[in-house]
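Text of structure.tsv (TSV, C-alpha atoms) as supplied:
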chain	number	residue	atom	x	y	z
A	800	MET	CA	-22.58	11.25	14.90
A	801	ALA	CA	-25.19	8.73	13.71
A	802	VAL	CA	-25.05	10.22	10.20
A	803	THR	CA	-21.25	10.18	10.25
A	804	ASP	CA	-21.27	6.57	11.46
A	805	GLU	CA	-23.52	5.66	8.54
A	806	ALA	CA	-21.11	7.34	6.14
A	807	ILE	CA	-18.17	5.46	7.67
A	808	GLU	CA	-20.02	2.17	7.31
A	809	LYS	CA	-20.78	2.86	3.66
A	810	ILE	CA	-17.15	3.62	2.85
A	811	LYS	CA	-16.12	0.50	4.77
A	812	ASP	CA	-18.60	-1.56	2.74
A	813	MET	CA	-17.03	-0.24	-0.47
A	814	ILE	CA	-13.62	-1.39	0.74
A	815	LEU	CA	-14.90	-4.79	1.88
A	816	SER	CA	-16.74	-5.37	-1.40
A	817	GLY	CA	-13.68	-4.49	-3.45
A	818	ALA	CA	-15.25	-1.40	-4.98
A	819	LEU	CA	-12.36	0.47	-3.35
A	820	ARG	CA	-9.00	-1.29	-3.13
A	821	PRO	CA	-5.75	-0.37	-1.40
A	822	GLY	CA	-4.18	2.55	-3.27
A	823	ASP	CA	-7.41	3.54	-5.05
A	824	ARG	CA	-8.38	7.19	-5.28
A	825	LEU	CA	-11.86	7.98	-4.01
A	826	PRO	CA	-14.27	9.67	-6.42
A	827	ARG	CA	-14.73	13.39	-6.05
A	828	GLU	CA	-16.58	14.39	-2.91
A	829	SER	CA	-19.74	15.49	-4.72
A	830	GLU	CA	-19.86	12.31	-6.81
A	831	LEU	CA	-19.24	9.95	-3.88
A	832	ALA	CA	-21.78	11.74	-1.67
A	833	ALA	CA	-24.43	11.38	-4.39
A	834	GLU	CA	-23.51	7.73	-5.04
A	835	LEU	CA	-23.81	6.84	-1.34
A	836	GLY	CA	-26.85	9.02	-0.65
A	837	LEU	CA	-24.96	11.12	1.87
A	838	SER	CA	-24.59	14.82	2.51
A	839	ARG	CA	-21.19	16.25	1.69
A	840	ASN	CA	-20.73	17.28	5.31
A	841	SER	CA	-21.31	13.76	6.66
A	842	LEU	CA	-19.02	12.33	4.00
A	843	ARG	CA	-16.34	14.86	4.90
A	844	GLU	CA	-16.56	13.90	8.59
A	845	ALA	CA	-16.36	10.21	7.70
A	846	VAL	CA	-13.27	10.78	5.58
A	847	ARG	CA	-11.67	12.76	8.41
A	848	ALA	CA	-12.37	9.95	10.88
A	849	LEU	CA	-11.08	7.23	8.56
A	850	SER	CA	-7.93	9.22	7.86
A	851	LEU	CA	-7.22	9.41	11.60
A	852	ILE	CA	-7.18	5.62	11.82
A	853	ARG	CA	-5.15	5.43	8.61
A	854	VAL	CA	-7.74	3.76	6.42
A	855	LEU	CA	-7.77	6.80	4.13
A	856	ASP	CA	-4.99	9.18	3.16
A	857	VAL	CA	-6.06	12.74	2.39
A	858	ARG	CA	-3.53	14.40	0.09
A	859	GLN	CA	-4.02	18.12	-0.23
A	860	GLY	CA	-4.44	19.14	-3.85
A	861	ASP	CA	-4.44	15.53	-5.04
A	862	GLY	CA	-7.42	13.74	-3.52
A	863	THR	CA	-8.22	11.04	-1.01
A	864	TYR	CA	-6.82	7.54	-1.33
A	865	VAL	CA	-7.31	4.20	0.36
A	866	THR	CA	-4.09	3.39	2.22
A	867	SER	CA	-2.24	0.10	1.90
A	868	LEU	CA	-4.43	-1.23	4.76
A	869	ASP	CA	-1.33	-2.98	6.07
A	870	PRO	CA	-1.86	-4.18	9.68
A	871	ARG	CA	1.28	-2.31	10.76
A	872	LEU	CA	-0.27	0.92	9.53
A	873	LEU	CA	-3.77	0.34	10.89
A	874	LEU	CA	-2.63	-0.88	14.30
A	875	GLY	CA	-0.04	1.87	14.70
A	876	ALA	CA	-2.47	4.13	16.51
A	877	MET	CA	-2.70	1.62	19.36
A	878	SER	CA	0.66	2.66	20.79
A	879	PHE	CA	-0.65	6.22	21.14
A	880	VAL	CA	-3.57	4.95	23.21
A	881	VAL	CA	-1.26	2.81	25.36
A	882	ASP	CA	1.14	5.69	26.00
A	883	ILE	CA	-1.58	8.04	27.26
A	884	HIS	CA	-3.50	5.49	29.33
A	885	ARG	CA	-4.14	6.09	33.00
A	886	ASP	CA	-2.03	4.17	35.47
A	887	ASP	CA	-5.06	2.26	36.71
A	888	THR	CA	-5.40	0.58	33.31
A	889	ALA	CA	-1.73	-0.37	32.97
A	890	LEU	CA	-2.38	-3.78	34.51
A	891	GLU	CA	-5.04	-4.50	31.91
A	892	PHE	CA	-2.60	-3.80	29.09
A	893	LEU	CA	-0.01	-6.01	30.77
A	894	ALA	CA	-2.58	-8.78	31.14
A	895	VAL	CA	-3.14	-8.72	27.38
A	896	ARG	CA	0.62	-8.83	26.82
A	897	ARG	CA	0.83	-11.81	29.16
A	898	VAL	CA	-1.52	-13.67	26.83
A	899	LEU	CA	0.06	-12.66	23.53
A	900	GLU	CA	3.79	-12.24	24.15
A	901	PRO	CA	4.54	-15.77	25.41
A	902	ALA	CA	2.71	-17.14	22.38
A	903	ALA	CA	4.80	-15.00	20.04
A	904	THR	CA	7.99	-16.01	21.87
A	905	ALA	CA	7.12	-19.69	21.53
A	906	MET	CA	6.42	-19.23	17.81
A	907	ALA	CA	9.74	-17.44	17.38
A	908	ALA	CA	11.62	-20.51	18.66
A	909	ALA	CA	10.81	-22.28	15.40
A	910	HIS	CA	11.57	-19.39	13.06
A	911	ILE	CA	14.27	-17.17	14.53
A	912	THR	CA	17.59	-17.27	12.66
A	913	GLU	CA	21.09	-17.49	14.09
A	914	PRO	CA	21.92	-13.93	12.99
A	915	GLN	CA	18.77	-12.71	14.77
A	916	LEU	CA	19.76	-14.60	17.92
A	917	ASP	CA	23.24	-13.10	17.75
A	918	ALA	CA	21.76	-9.63	17.38
A	919	LEU	CA	19.61	-10.15	20.48
A	920	ALA	CA	22.68	-11.30	22.43
A	921	SER	CA	24.68	-8.30	21.23
A	922	GLY	CA	21.91	-5.98	22.34
A	923	LEU	CA	21.94	-7.45	25.84
A	924	ASP	CA	25.75	-7.32	26.01
A	925	ALA	CA	25.79	-3.69	24.90
A	926	LEU	CA	23.79	-2.61	27.95
A	927	GLY	CA	26.73	-3.26	30.25
A	928	GLY	CA	26.50	-3.32	34.02
A	929	SER	CA	24.74	-0.04	34.80
A	930	PRO	CA	22.73	1.27	31.86
A	931	ALA	CA	20.57	4.38	32.11
A	932	VAL	CA	16.82	3.94	32.40
A	933	ALA	CA	16.29	5.32	28.89
A	934	GLU	CA	18.71	2.74	27.49
A	935	LEU	CA	16.97	-0.05	29.40
A	936	ALA	CA	13.56	0.96	28.13
A	937	ALA	CA	14.75	1.20	24.52
A	938	ALA	CA	16.63	-2.11	24.71
A	939	ASP	CA	13.64	-3.86	26.28
A	940	LEU	CA	11.36	-2.56	23.55
A	941	ALA	CA	13.79	-3.69	20.82
A	942	PHE	CA	14.35	-7.11	22.44
A	943	HIS	CA	10.67	-8.04	22.58
A	944	ARG	CA	9.87	-6.39	19.25
A	945	ASP	CA	12.56	-8.40	17.46
A	946	ILE	CA	11.34	-11.64	19.01
A	947	ALA	CA	7.75	-10.88	18.01
A	948	ALA	CA	8.91	-10.12	14.47
A	949	ALA	CA	10.65	-13.51	14.39
A	950	SER	CA	7.34	-15.23	15.19
A	951	GLY	CA	6.42	-14.97	11.52
A	952	ASN	CA	2.97	-13.52	12.29
A	953	SER	CA	2.81	-9.88	11.24
A	954	VAL	CA	-0.57	-9.23	12.87
A	955	LEU	CA	0.59	-10.61	16.22
A	956	CYS	CA	3.77	-8.56	15.92
A	957	CYS	CA	1.78	-5.38	15.26
A	958	LEU	CA	-0.57	-6.01	18.16
A	959	LEU	CA	2.33	-6.45	20.55
A	960	ASP	CA	4.12	-3.42	19.17
A	961	GLY	CA	1.01	-1.36	19.83
A	962	LEU	CA	0.73	-2.70	23.38
A	963	SER	CA	4.35	-1.86	24.14
A	964	GLY	CA	4.53	1.90	24.06
A	965	PRO	CA	7.91	3.50	24.82
A	966	ALA	CA	6.43	5.78	27.47
A	967	THR	CA	4.90	2.86	29.35
A	968	ARG	CA	8.14	0.90	29.29
A	969	ALA	CA	10.14	3.90	30.48
A	970	ARG	CA	7.84	4.28	33.50
A	971	ILE	CA	8.15	0.60	34.35
A	972	TRP	CA	11.93	0.46	33.95
A	973	ARG	CA	12.31	3.59	36.07
A	974	GLY	CA	10.40	1.90	38.86
A	975	LEU	CA	12.34	-1.35	38.51
A	976	ALA	CA	15.61	0.58	38.67
A	977	GLU	CA	14.50	2.27	41.87
A	978	GLU	CA	13.90	-1.12	43.45
A	979	GLU	CA	17.10	-2.66	42.07
A	980	ALA	CA	15.18	-5.26	40.07
A	981	VAL	CA	16.98	-4.53	36.82
A	982	GLY	CA	19.41	-7.43	37.16
A	983	ARG	CA	16.62	-9.93	37.65
A	984	THR	CA	14.60	-8.72	34.68
A	985	LEU	CA	17.65	-8.67	32.39
A	986	GLY	CA	18.45	-12.18	33.60
A	987	GLU	CA	15.00	-13.20	32.41
A	988	HIS	CA	15.85	-11.74	29.01
A	989	ARG	CA	18.90	-13.99	28.86
A	990	ALA	CA	16.81	-17.01	29.88
A	991	ILE	CA	14.38	-16.26	27.05
A	992	LEU	CA	17.30	-15.95	24.63
A	993	SER	CA	18.79	-19.23	25.82
A	994	ALA	CA	15.47	-21.03	25.28
A	995	LEU	CA	15.24	-19.57	21.78
A	996	ARG	CA	18.77	-20.77	20.99
A	997	ASP	CA	17.75	-24.25	22.14
A	998	ARG	CA	14.64	-24.07	19.93
A	999	ASP	CA	12.66	-24.92	23.04
A	1000	ALA	CA	9.29	-23.32	22.41
A	1001	GLU	CA	7.74	-24.26	25.74
A	1002	ALA	CA	10.72	-22.99	27.76
A	1003	ALA	CA	10.65	-19.77	25.76
A	1004	ARG	CA	6.92	-19.43	26.43
A	1005	SER	CA	7.41	-20.10	30.15
A	1006	TRP	CA	10.24	-17.59	30.59
A	1007	ALA	CA	8.29	-14.93	28.69
A	1008	THR	CA	5.33	-15.55	30.98
A	1009	VAL	CA	7.53	-15.30	34.08
A	1010	HIS	CA	9.08	-12.11	32.76
A	1011	ILE	CA	5.78	-10.32	32.12
A	1012	ALA	CA	4.14	-11.70	35.27
A	1013	GLY	CA	7.04	-10.32	37.30
A	1014	VAL	CA	6.50	-6.84	35.90
A	1015	GLU	CA	2.77	-7.21	36.47
A	1016	THR	CA	3.32	-8.22	40.10
A	1017	TRP	CA	5.64	-5.27	40.65
A	1018	LEU	CA	3.15	-2.86	39.12
A	1019	ARG	CA	0.28	-4.26	41.19
A	1020	SER	CA	2.34	-3.73	44.36
A	1021	ARG	CA	2.66	-0.04	43.49
A	1022	ARG	CA	-1.09	0.57	43.36
Kindly present the structure from the file in structure tokens form.
Amino acid sequence: MAVTDEAIEKIKDMILSGALRPGDRLPRESELAAELGLSRNSLREAVRALSLIRVLDVRQGDGTYVTSLDPRLLLGAMSFVVDIHRDDTALEFLAVRRVLEPAATAMAAAHITEPQLDALASGLDALGGSPAVAELAAADLAFHRDIAAASGNSVLCCLLDGLSGPATRARIWRGLAEEEAVGRTLGEHRAILSALRDRDAEAARSWATVHIAGVETWLRSRR
């Protein structure tokens, strides 16, 4: 692993220095291994590892390329980690959301457009009085994702998207439905939307904090 780590660091240095740019094709394996002073096996393992985290794109029969390095691409693997986490770490993920999501919601108050606000309202209205758990989980994911996107910060949006895995949300909404807390949590969605319509960043931040803290409190009570 130490040799593979060294190979990964050398490829990373090439990207950071600009020797390899987004979209560039890597030199042939034999040439790159000789240039970096690596064995072909260690280089191959490094390429495999970097392709898993979407830094490199291995195209069979064509070569290996540096990806776009877009944050949305690189942070996409986070949702996989969140979805397979153990229940005893769920509170830690929620604690991170409680830091980031209210900030994104407050930022969105200054940037969100009227059509985006109307779309959020339509999404809430479409749920009706007794939606299925799967619908609730999907709508909740879309609601918070759209608000994060409206914050204007793509990195923050990607981080939150990664922390908000569909499987995690489905588990939470299923539990909330069992305890008849759905109405309260959807009411908090409407309070967030109202604050956004008023362009009240601090109210939006506060309601987002209340919303996530409520879920966190419920989840802690289940431990």
Nearest residue to A:Ala832 from the set A:Leu819, A:Ile814, A:Leu893, A:Ala806 (distances using all atoms listed in the file): A:Ala806
Nearest candidate to A:Gln915 (options A:Ser929, A:Ser950, A:Thr1008, A:Thr888; using all atoms listed in the file):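 The closest residue to A:Gln915 is A:Ser950.
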Stretch 854-863 of chain A environment, 12 Å, all atoms listed in the file, sequence neighbours closer than 2 positions dropped, as number ranges by chain: A: 807, 810-811, 814, 819-828, 831, 842-843, 845-852, 865-876
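Proximity to A:Ala931 was assessed for A:Val981, A:Ala903, A:Glu808, A:Trp1017 counting all atoms listed in the file; the smallest distance is recorded for A:Val981.
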Close residues, stretch 997-1002 of chain A itself excluded, 7 Å, all atoms listed in the file, min 5 positions apart in chain, as a list of chain:residue names: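 Near neighbours after the sequence-gap exclusion: A:Ala905, A:Met906, A:Ala908, A:Ala909.
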Nearest to A:Ile946 by atom-to-atom distance, counting only C-alpha atoms, from A:Ser921, A:Ser963, A:Thr984, A:Thr904: A:Thr904
Separation of atom CA of A:Ala818 from atom CA of A:Gly836, in Å and rounded to one decimal: 16.2 Å
Among listed residues A:Cys956, A:Ala937, A:Val932, A:Ala994, nearest A:Leu916 (using all atoms listed in the file): A:Ala994
Interatomic distance (Å, one decimal) between atom CA of A:Asn952 and atom CA of A:Ser1005: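 Taking atom CA of A:Asn952 as the start and atom CA of A:Ser1005 as the end point, the length is 19.5 Å.
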Nearest to A:Arg996 by atom-to-atom distance, counting only C-alpha atoms, from A:Ala948, A:Leu919, A:Val898, A:Leu940: A:Leu919
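One distance worth recording is that between atom CA of A:His943 and atom CA of A:Leu959, which is 8.7 Å.
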